[in-house]
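Trainee: Sharing work.cif, mmCIF, C-alpha atoms and all ligand atoms:
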```cif
data_model
loop_
_atom_site.label_atom_id
_atom_site.label_comp_id
_atom_site.auth_asym_id
_atom_site.auth_seq_id
_atom_site.Cartn_x
_atom_site.Cartn_y
_atom_site.Cartn_z
CA MET A 1 15.23 28.72 -7.23
CA ILE A 2 18.76 28.08 -8.50
CA ALA A 3 19.82 25.87 -5.60
CA PRO A 4 17.37 22.97 -6.11
CA ILE A 5 18.19 22.76 -9.82
CA ALA A 6 21.93 22.78 -9.11
CA LEU A 7 21.48 20.23 -6.31
CA ARG A 8 19.48 17.94 -8.51
CA SER A 9 21.98 17.96 -11.33
CA VAL A 10 24.95 17.42 -9.00
CA LEU A 11 23.46 14.92 -6.55
CA HIS A 12 20.79 13.09 -8.48
CA SER A 13 20.92 9.32 -8.62
CA ASP A 14 21.27 7.21 -11.69
CA ILE A 15 17.87 5.56 -11.56
CA GLU A 16 14.84 5.48 -13.82
CA TYR A 17 12.61 7.38 -11.37
CA VAL A 18 14.74 10.53 -11.66
CA LYS A 19 13.68 10.73 -15.32
CA HIS A 20 10.07 10.80 -14.11
CA GLY A 21 10.78 13.68 -11.73
CA PHE A 22 11.33 11.82 -8.44
CA PRO A 23 13.90 13.67 -6.34
CA CYS A 24 16.18 10.65 -5.70
CA ILE A 25 19.76 11.42 -4.83
CA CYS A 26 22.90 9.29 -4.94
CA PRO A 27 24.07 8.10 -1.51
CA SER A 28 27.64 7.65 -2.76
CA LYS A 29 28.03 11.42 -3.16
CA GLU A 30 29.06 12.94 0.16
CA GLY A 31 27.02 16.10 -0.55
CA SER A 32 23.84 14.00 -0.50
CA TRP A 33 24.11 13.19 3.20
CA PRO A 34 23.58 16.67 4.70
CA VAL A 35 20.52 17.04 2.41
CA MET A 36 19.10 13.65 3.46
CA ARG A 37 19.76 14.29 7.15
CA GLN A 38 18.08 17.69 6.98
CA VAL A 39 15.01 16.45 5.09
CA TYR A 40 14.48 13.37 7.26
CA SER A 41 15.18 15.23 10.48
CA HIS A 42 12.25 17.57 9.71
CA GLU A 43 9.98 14.71 8.67
CA LEU A 44 10.82 12.65 11.75
CA GLU A 45 10.19 15.69 13.94
CA TRP A 46 6.69 16.09 12.48
CA PHE A 47 5.83 12.45 13.16
CA LYS A 48 7.95 11.77 16.23
CA ALA A 49 5.01 10.43 18.23
CA ALA A 50 4.72 7.47 15.79
CA ASP A 51 5.18 3.92 17.11
CA GLY A 52 7.64 3.09 14.38
CA PHE A 53 9.63 4.48 11.47
CA GLN A 54 10.37 2.64 8.25
CA LEU A 55 13.33 3.00 5.97
CA TRP A 56 12.41 2.14 2.38
CA PHE A 57 15.30 2.03 -0.04
CA TYR A 58 14.22 3.37 -3.37
CA ASP A 59 14.16 -0.17 -4.73
CA PRO A 60 17.79 -1.39 -4.70
CA GLY A 61 18.99 1.59 -2.74
CA GLY A 62 18.26 4.66 -4.77
CA CYS A 63 21.07 4.57 -7.24
CA MET A 64 22.60 2.48 -9.98
CA CYS A 65 25.62 4.70 -10.62
CA GLU A 66 29.02 3.09 -11.01
CA ARG A 67 30.03 3.81 -7.40
CA CYS A 68 26.78 2.55 -5.88
CA ARG A 69 26.90 -0.58 -8.02
CA ARG A 70 30.36 -1.46 -6.76
CA ASP A 71 29.00 -2.20 -3.28
CA LEU A 72 25.20 -2.35 -3.36
CA CYS A 73 24.94 -2.98 0.41
CA GLY A 74 27.27 -0.21 1.58
CA PRO A 75 24.94 2.80 1.04
CA LEU A 76 21.99 0.78 2.39
CA VAL A 77 23.76 -0.11 5.64
CA ARG A 78 24.85 3.51 6.05
CA GLN A 79 21.25 4.69 5.57
CA ALA A 80 20.03 2.21 8.19
CA GLU A 81 22.72 3.32 10.62
CA GLU A 82 22.33 7.08 10.11
CA PHE A 83 18.55 7.20 9.97
CA SER A 84 17.99 4.82 12.89
CA ARG A 85 20.18 7.14 14.97
CA LEU A 86 18.13 10.15 13.79
CA ALA A 87 14.84 8.34 14.48
CA TRP A 88 15.81 7.15 17.96
CA GLY A 89 17.07 10.67 18.70
CA LYS A 90 13.50 11.88 18.12
CA ASN A 91 11.73 8.94 19.74
CA PRO A 92 13.84 6.32 21.57
CA CYS A 93 10.81 4.01 21.98
CA ALA A 94 9.92 3.81 18.28
CA GLU A 95 10.63 0.60 16.39
CA PHE A 96 13.01 1.16 13.49
CA GLN A 97 12.05 -0.93 10.49
CA VAL A 98 14.19 -1.60 7.44
CA SER A 99 12.32 -2.68 4.35
CA MET A 100 13.89 -5.32 2.13
CA TRP A 101 11.10 -5.08 -0.44
CA PRO A 102 11.68 -5.85 -3.32
CA ILE A 103 15.36 -6.71 -3.15
CA TRP A 104 14.52 -10.28 -4.35
CA GLU A 105 13.14 -8.70 -7.53
CA TRP A 106 16.24 -6.56 -8.02
CA GLU A 107 18.51 -9.54 -7.40
CA ALA A 108 16.82 -11.29 -10.33
CA ARG A 109 17.05 -8.20 -12.56
CA LEU A 110 20.67 -7.43 -11.74
CA GLY A 111 21.82 -11.05 -11.65
CA ARG A 112 23.45 -10.35 -8.27
CA ARG A 113 22.56 -11.63 -4.84
CA TYR A 114 22.93 -9.07 -2.08
CA GLY A 115 19.89 -9.45 0.24
CA VAL A 116 21.47 -12.00 2.62
CA GLU A 117 24.73 -10.05 2.63
CA LEU A 118 22.74 -6.93 3.56
CA LEU A 119 21.15 -8.75 6.50
CA ASP A 120 24.56 -9.97 7.70
CA ARG A 121 26.06 -6.50 7.43
CA LEU A 122 23.11 -4.92 9.25
CA ARG A 123 23.52 -7.58 11.92
CA SER A 124 27.18 -6.73 12.51
CA CYS A 125 26.57 -2.97 12.17
CA PHE A 126 23.93 -2.97 14.91
CA ALA A 127 25.57 -5.74 16.99
CA GLU A 128 23.39 -6.46 20.06
CA ASN A 129 21.06 -3.56 19.15
CA HIS A 130 19.93 -5.53 16.09
CA ARG A 131 17.01 -6.82 18.19
CA GLN A 132 15.57 -3.30 18.09
CA ILE A 133 15.48 -3.44 14.30
CA ALA A 134 12.57 -4.98 12.42
CA ILE A 135 13.02 -6.23 8.88
CA VAL A 136 10.02 -5.61 6.62
CA ASP A 137 9.26 -7.78 3.61
CA SER A 138 6.39 -9.48 1.83
CA ALA A 139 4.84 -12.54 3.45
CA GLU A 140 3.81 -13.77 0.03
CA VAL A 141 6.77 -14.06 -2.31
CA PRO A 142 9.11 -17.09 -2.24
CA GLY A 143 12.23 -14.89 -2.20
CA SER A 144 11.13 -12.90 0.86
CA PHE A 145 13.86 -12.23 3.43
CA LEU A 146 11.60 -12.49 6.49
CA ASP A 147 12.71 -16.01 7.45
CA ALA A 148 16.40 -15.15 6.91
CA ALA A 149 15.92 -12.04 9.08
CA LYS A 150 14.11 -14.01 11.80
CA GLY A 151 16.90 -16.60 11.78
CA ARG A 152 19.42 -13.80 12.42
CA GLY A 153 17.49 -12.51 15.43
CA PHE A 154 15.89 -9.44 13.86
CA ARG A 155 12.30 -8.61 14.59
CA THR A 156 10.09 -9.18 11.51
CA GLN A 157 7.19 -7.25 10.04
CA ALA A 158 5.29 -8.77 7.12
CA PHE A 159 3.54 -6.32 4.88
CA LEU A 160 0.74 -6.76 2.43
CA PHE A 161 -1.07 -4.91 -0.29
CA SER A 162 -4.76 -5.47 -0.71
CA ALA A 163 -5.19 -3.15 -3.67
CA ASP A 164 -3.64 -2.98 -7.08
CA VAL A 165 -1.39 0.04 -6.75
CA GLU A 166 -0.45 0.03 -10.37
CA THR A 167 -3.93 0.74 -11.69
CA PRO A 168 -4.44 2.52 -9.05
CA PHE A 169 -7.65 1.14 -7.59
CA VAL A 170 -8.56 3.34 -4.62
CA PHE A 171 -12.13 2.13 -4.08
CA LEU A 172 -13.27 -0.32 -1.43
CA ASN A 173 -11.59 -3.62 -2.17
CA PRO A 174 -12.84 -5.93 0.58
CA GLN A 175 -10.56 -8.91 -0.02
CA PHE A 176 -11.62 -10.79 3.10
CA GLY A 177 -10.39 -14.14 1.79
CA TYR A 178 -6.96 -12.80 0.90
CA LEU A 179 -6.71 -10.87 4.18
CA ARG A 180 -7.78 -13.85 6.28
CA GLU A 181 -5.32 -16.23 4.59
CA THR A 182 -2.44 -13.78 4.70
CA ALA A 183 -3.01 -12.70 8.32
CA ALA A 184 -3.22 -16.38 9.36
CA ARG A 185 0.01 -17.18 7.47
CA ILE A 186 1.83 -14.25 9.11
CA ALA A 187 0.65 -15.44 12.55
CA ALA A 188 1.60 -19.08 11.82
CA LYS A 189 5.09 -18.05 10.70
CA GLY A 190 5.63 -16.33 14.04
CA TYR A 191 6.55 -12.94 12.60
CA ASP A 192 6.38 -10.10 15.10
CA GLY A 193 3.79 -8.12 13.19
CA GLY A 194 2.00 -7.36 9.97
CA LEU A 195 1.36 -4.07 8.30
CA LEU A 196 -0.70 -2.78 5.45
CA HIS A 197 0.69 -0.61 2.75
CA SER A 198 -1.76 2.11 1.81
CA LEU A 199 -0.41 4.62 -0.67
CA SER A 200 -3.35 7.04 -0.66
CA PRO A 201 -4.63 6.75 2.90
CA GLY A 202 -7.70 8.96 2.47
CA SER A 203 -9.42 7.12 -0.31
CA LYS A 204 -7.97 3.70 0.62
CA MET A 205 -9.21 4.09 4.19
CA LEU A 206 -12.06 1.62 3.51
CA SER A 207 -9.76 -1.21 2.48
CA THR A 208 -7.23 -0.31 5.15
CA LEU A 209 -9.88 -0.71 7.84
CA ALA A 210 -10.82 -4.20 6.62
CA GLY A 211 -7.13 -5.15 6.50
CA ALA A 212 -6.47 -3.80 9.98
CA LEU A 213 -9.35 -5.85 11.36
CA ALA A 214 -7.94 -8.98 9.70
CA LEU A 215 -4.48 -8.40 11.15
CA TRP A 216 -5.97 -7.64 14.55
CA ASN A 217 -7.57 -11.06 14.74
CA PRO A 218 -5.94 -13.59 12.38
CA ARG A 219 -8.43 -16.30 13.43
CA SER A 220 -11.44 -14.44 11.96
CA SER A 221 -13.34 -16.13 9.16
CA GLU A 222 -14.21 -14.14 6.01
CA ASP A 223 -17.80 -13.69 7.21
CA GLU A 224 -16.66 -12.50 10.64
CA LEU A 225 -14.35 -10.00 8.99
CA ALA A 226 -17.14 -8.75 6.74
CA GLN A 227 -19.41 -8.40 9.77
CA ALA A 228 -16.73 -6.56 11.81
CA THR A 229 -16.08 -4.17 8.91
CA ALA A 230 -19.81 -3.61 8.45
CA VAL A 231 -20.26 -2.83 12.17
CA ARG A 232 -17.58 -0.12 11.95
CA PHE A 233 -19.54 1.61 9.21
CA THR A 234 -23.15 1.07 10.21
CA GLY A 235 -22.56 1.41 13.95
CA GLU A 236 -25.03 -1.39 14.75
CA GLU A 237 -25.28 -5.17 14.51
CA THR A 238 -28.60 -5.49 12.63
CA ALA A 239 -27.68 -3.14 9.77
CA ALA A 240 -24.21 -4.72 9.73
CA ARG A 241 -25.81 -8.15 9.16
CA GLN A 242 -27.46 -6.68 6.06
CA LEU A 243 -24.32 -4.96 4.83
CA ALA A 244 -21.89 -7.86 5.41
CA PRO A 245 -23.29 -10.12 2.62
CA VAL A 246 -23.20 -7.11 0.27
CA LEU A 247 -19.49 -6.69 1.07
CA ARG A 248 -18.93 -10.40 0.32
CA LYS A 249 -20.64 -9.95 -3.10
CA TRP A 250 -18.47 -6.88 -3.63
CA GLU A 251 -15.38 -8.98 -2.90
CA LYS A 252 -16.42 -11.62 -5.44
CA LEU A 253 -17.16 -9.01 -8.09
CA LEU A 254 -13.62 -7.61 -7.86
CA LEU A 255 -12.00 -11.04 -7.59
CA ASP A 256 -13.55 -12.58 -10.67
CA GLY A 257 -13.54 -9.67 -13.14
CA ASN A 258 -16.05 -9.22 -15.97
CA PRO A 259 -18.77 -8.27 -13.49
CA GLY A 260 -21.55 -7.60 -16.01
CA ALA A 261 -23.21 -4.26 -16.70
CA GLU A 262 -25.70 -4.44 -13.83
CA ALA A 263 -23.51 -5.85 -11.05
CA GLY A 264 -22.17 -2.50 -9.87
CA GLY A 265 -25.63 -0.92 -9.86
CA HIS A 266 -26.91 -3.84 -7.81
CA LEU A 267 -24.20 -3.24 -5.17
CA ARG A 268 -24.97 0.47 -5.08
CA ARG A 269 -28.70 -0.14 -4.53
CA GLU A 270 -27.99 -2.67 -1.76
CA VAL A 271 -25.76 -0.14 0.03
CA GLU A 272 -28.48 2.52 -0.33
CA LYS A 273 -31.05 0.11 1.10
CA VAL A 274 -28.92 -0.48 4.22
CA MET A 275 -28.28 3.26 4.57
CA SER A 276 -31.96 4.17 4.30
CA ARG A 277 -32.64 2.37 7.59
CA LEU A 278 -29.84 4.07 9.50
CA PRO A 279 -29.87 7.24 11.59
CA GLU A 280 -28.30 10.36 10.05
CA GLU A 281 -24.92 10.04 11.76
CA SER A 282 -24.39 6.42 10.63
CA ARG A 283 -25.54 7.34 7.12
CA ARG A 284 -22.78 9.95 6.97
CA ARG A 285 -20.23 7.31 8.01
CA MET A 286 -21.45 5.08 5.17
CA GLU A 287 -21.07 7.82 2.50
CA PRO A 288 -17.55 6.71 1.43
CA ILE A 289 -18.87 3.18 0.83
CA LEU A 290 -21.74 4.51 -1.26
CA ASP A 291 -19.35 6.72 -3.26
CA SER A 292 -17.12 3.70 -3.78
CA ALA A 293 -20.13 1.68 -5.02
CA ARG A 294 -21.08 4.52 -7.39
CA ALA A 295 -17.57 4.51 -8.90
CA ILE A 296 -17.60 0.72 -9.26
CA GLU A 297 -21.04 0.91 -10.89
CA VAL A 298 -19.56 3.08 -13.68
CA LEU A 299 -16.43 0.93 -14.01
CA ALA A 300 -18.45 -2.30 -14.18
CA ALA A 301 -20.72 -0.81 -16.86
CA ALA A 302 -17.66 0.30 -18.83
CA ALA A 303 -16.04 -3.14 -18.48
CA ALA A 304 -19.21 -4.69 -19.92
CA ALA A 305 -19.15 -2.27 -22.87
CA LYS A 306 -15.45 -2.30 -23.63
CA HIS A 307 -15.89 -2.45 -27.42
CA ASP A 308 -18.35 0.45 -27.55
CA SER A 309 -16.17 3.56 -27.73
CA ALA A 310 -19.06 6.06 -27.60
CA ARG A 311 -20.36 4.41 -24.41
CA GLN A 312 -16.80 4.41 -22.97
CA ARG A 313 -16.51 8.17 -23.50
CA GLU A 314 -19.89 8.76 -21.92
CA LEU A 315 -19.00 6.60 -18.89
CA ALA A 316 -15.57 8.26 -18.53
CA VAL A 317 -17.34 11.62 -18.16
CA ARG A 318 -19.76 10.11 -15.63
CA PHE A 319 -16.88 8.58 -13.69
CA ARG A 320 -15.23 11.96 -13.24
CA VAL A 321 -18.54 13.50 -12.13
CA VAL A 322 -18.95 10.73 -9.52
CA LEU A 323 -15.42 11.31 -8.19
CA GLU A 324 -15.77 15.09 -8.08
CA ALA A 325 -19.02 14.81 -6.13
CA SER A 326 -17.38 12.64 -3.45
CA PRO A 327 -15.50 14.18 -0.50
CA THR A 328 -13.53 10.90 -0.22
CA PHE A 329 -12.50 10.64 -3.87
CA ARG A 330 -12.54 14.29 -5.03
CA ALA A 331 -8.77 14.68 -4.73
CA PHE A 332 -8.37 11.63 -6.98
CA ALA A 333 -10.75 12.96 -9.68
CA ALA A 334 -8.17 14.20 -12.21
CA GLN A 335 -5.91 11.17 -11.82
CA GLY A 336 -8.89 8.83 -11.77
CA ALA A 337 -10.19 10.30 -15.03
CA ALA A 338 -6.78 9.83 -16.63
CA GLU A 339 -6.61 6.25 -15.32
CA PHE A 340 -10.13 5.37 -16.44
CA PRO A 341 -9.09 3.00 -19.27
CA HIS A 342 -6.68 1.14 -16.94
CA LEU A 343 -9.28 0.89 -14.20
CA VAL A 344 -11.80 -0.51 -16.67
CA GLU A 345 -9.23 -2.97 -17.98
CA TRP A 346 -8.47 -4.14 -14.44
CA MET A 347 -12.17 -4.47 -13.71
CA THR A 348 -12.40 -6.79 -16.73
CA ILE A 349 -9.46 -8.94 -15.63
CA GLY A 350 -10.28 -9.06 -11.91
CA TRP A 351 -8.07 -9.34 -8.87
CA LYS A 352 -7.49 -13.07 -9.37
CA GLY A 353 -6.12 -12.29 -12.84
CA ARG A 354 -3.82 -9.48 -11.79
CA HIS A 355 -2.86 -7.96 -8.52
CA PHE A 356 0.22 -6.44 -7.08
ZN ZN A 401 25.07 6.41 -6.77
#
```
Now, as a test, write the supplied structure out as structure tokens.
Ligand SMILES: [Zn+2]
Mentor:
Amino acid sequence: MIAPIALRSVLHSDIEYVKHGFPCICPSKEGSWPVMRQVYSHELEWFKAADGFQLWFYDPGGCMCERCRRDLCGPLVRQAEEFSRLAWGKNPCAEFQVSMWPIWEWEARLGRRYGVELLDRLRSCFAENHRQIAIVDSAEVPGSFLDAAKGRGFRTQAFLFSADVETPFVFLNPQFGYLRETAARIAAKGYDGGLLHSLSPGSKMLSTLAGALALWNPRSSEDELAQATAVRFTGEETAARQLAPVLRKWEKLLLDGNPGAEAGGHLRREVEKVMSRLPEESRRRMEPILDSARAIEVLAAAAAAKHDSARQRELAVRFRVVLEASPTFRAFAAQGAAEFPHLVEWMTIGWKGRHF
């Protein structure tokens, strides 16, 4: 038990996350490298059948110590070089992706530009092999490095969030409009691919599925996407035609905010109605959607009663009960209960008002 404590105090990085318990270490300290290699070697071994591996710098690169600040790009290039070698050693066919997100944000905070320099240094570090590297960044922010990466001959992967990770909203968030527009923009830009970022894959599976369908066919309309998502859950076209408009209403509810006390209950009853006509196996597949509707029902009621503290307490208890009863959301119950006020606040504001 002594070793990890000693390691942390000697190797830890100078970055805010360390104060919150994240085990970030400084890449400018030589002792960090054997630890990183050992940890990532095990992780890559576990997942070596994956189609691709991503390197995410912990924001600017994991450290803001004096040595790391001197040359912000140096430790990042070394990570790309060392970990791509490790990854290709495990799986030579995997795509190695380097995420630039959100270096544009850090450039603004630090008052230093280093994203383009990083691309140039990666380009010369990998020489002709740079075509096997994909640069990952947002397709949505003006400062994104995707075009600069494409111009330098890297492959490009645009990534998107469809849920507010800060709140964190893990329930079905069928943003068909956003997904359609973003997938079409990624295709029009000629990027090599698009990917969804899903921080809690179990409970965010519902939204991830809708996003994957949008990326799979960027020409789909919102209604086609809703129908395709509904087919995956109901297993049949007729029931899907009943569920799809419910999913579109669901989308609107989360987009606009202030849904009204009854809106969530209405969604839940509509989902139950579709389920009641389905065979047992399809009903089981729909359970996560129903659980999601039950959670949103409580959140919508709480958003409508935000000035009634007694009602808030009562609904907070009900929210936890709903989560604990759900196989999909049970693991999120404690965190969800703690996040209840934030989730209610976000439900009031809506996705148009605030999203990540
Ligand atoms: Zn450092």
Trainee: List all protein, DNA and RNA residues that have at least one atom no more than 10 Å from any atom of ligand ZN 401 (chain A), counting all atoms listed in the file, and write them as a ChimeraX atom specification.
Mentor: /A:11-15,24-29,32,61-70,72,75
Trainee: Just the residues within 10 Å of range 192-197 of chain A, please, counting all atoms listed in the file, with nothing from its chain fewer than 5 positions along; format it as a count of residues only.
Mentor: 30
Trainee: May I have a table of the residues of range 94-200 of chain A lying at most 12 Å from range 269-288 of chain A, giving each one's closest pair of atoms and their distance in Å to one decimal, counting all atoms listed in the file, ordered by chain and ascending residue number, as JSON lines?
Mentor:
```
{"residue": "A:Val170", "atom": "CA", "partner": "A:Pro288", "partner_atom": "CA", "distance": 11.3}
{"residue": "A:Phe171", "atom": "CA", "partner": "A:Pro288", "partner_atom": "CA", "distance": 9.0}
{"residue": "A:Leu172", "atom": "CA", "partner": "A:Pro288", "partner_atom": "CA", "distance": 8.7}
```
Trainee: Ranking A:Phe332, A:Gln227, A:Trp106, A:Ser124 by minimum distance to Ala239 in chain A and counting all atoms listed in the file, which one comes first?
Mentor: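 Nearest to Ala239 in chain A: A:Gln227.
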Trainee: Can you measure CA of Val246 in chain A to CA of Ala331 in chain A for me? One decimal in Å is fine.
Mentor: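 So the two atoms, CA of Val246 in chain A and CA of Ala331 in chain A, lie 26.6 Å apart.
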Trainee: May I ask which of the residues A:Ala87, A:Trp101, A:Gln132, A:Ala148 is the closest one to Asp120 in chain A, counting only C-alpha atoms?
Mentor: A:Ala148
Trainee: For a quick check of understanding, using all atoms listed in the file, which of A:Asn91, A:Ser198, A:Gln242, A:Ser220 has the smallest distance to Trp46 in chain A?
Mentor: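 Answer, going by the shortest atom-to-atom distance: A:Asn91.
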Trainee: What is the CA of Gly264 in chain A to CA of Ala301 in chain A distance in Å?
Mentor: 7.3 Å
Trainee: From the options A:Asp256, A:Glu140, A:Asp308, A:Glu224, which residue's atoms come nearest to Arg241 in chain A, counting only C-alpha atoms?
Mentor: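 Using only C-alpha atoms, the shortest distance to Arg241 in chain A belongs to A:Glu224.
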Trainee: Could you jot down the CA of Gly153 in chain A to CA of Phe47 in chain A separation for me, Å, one decimal place?
Mentor: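 These atoms are spaced 27.6 Å apart.
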Trainee: Can you list, as JSON, numbers by chain, every protein, DNA or RNA residue that comes within 9 Å of Val116 in chain A when you count only C-alpha atoms, leaving out same-chain residues fewer than 3 positions away?
Mentor: {"A": [113, 119, 120, 121, 145, 148, 149]}
Trainee: Measuring between only C-alpha atoms, which one of A:Leu179, A:Cys93, A:Leu206, A:Leu253 shows the shortest distance to Ala230 in chain A?
Mentor: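 Using only C-alpha atoms, the shortest distance to Ala230 in chain A belongs to A:Leu206.
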Trainee: Quick one: everything within 7 Å of range 333-342 of chain A, counting all atoms listed in the file, minus sequence neighbours fewer than 3 positions away in the same chain. Send it as JSON, numbers by chain.
Mentor: {"A": [167, 316, 320, 323, 324, 329, 330, 345, 346]}
Trainee: Which residue is closest to Arg123 in chain A? Choose from A:Glu43, A:Glu81, A:Glu297, A:Glu236 and count all atoms listed in the file.
Mentor: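 For Arg123 in chain A, the nearest of the candidates is A:Glu81.
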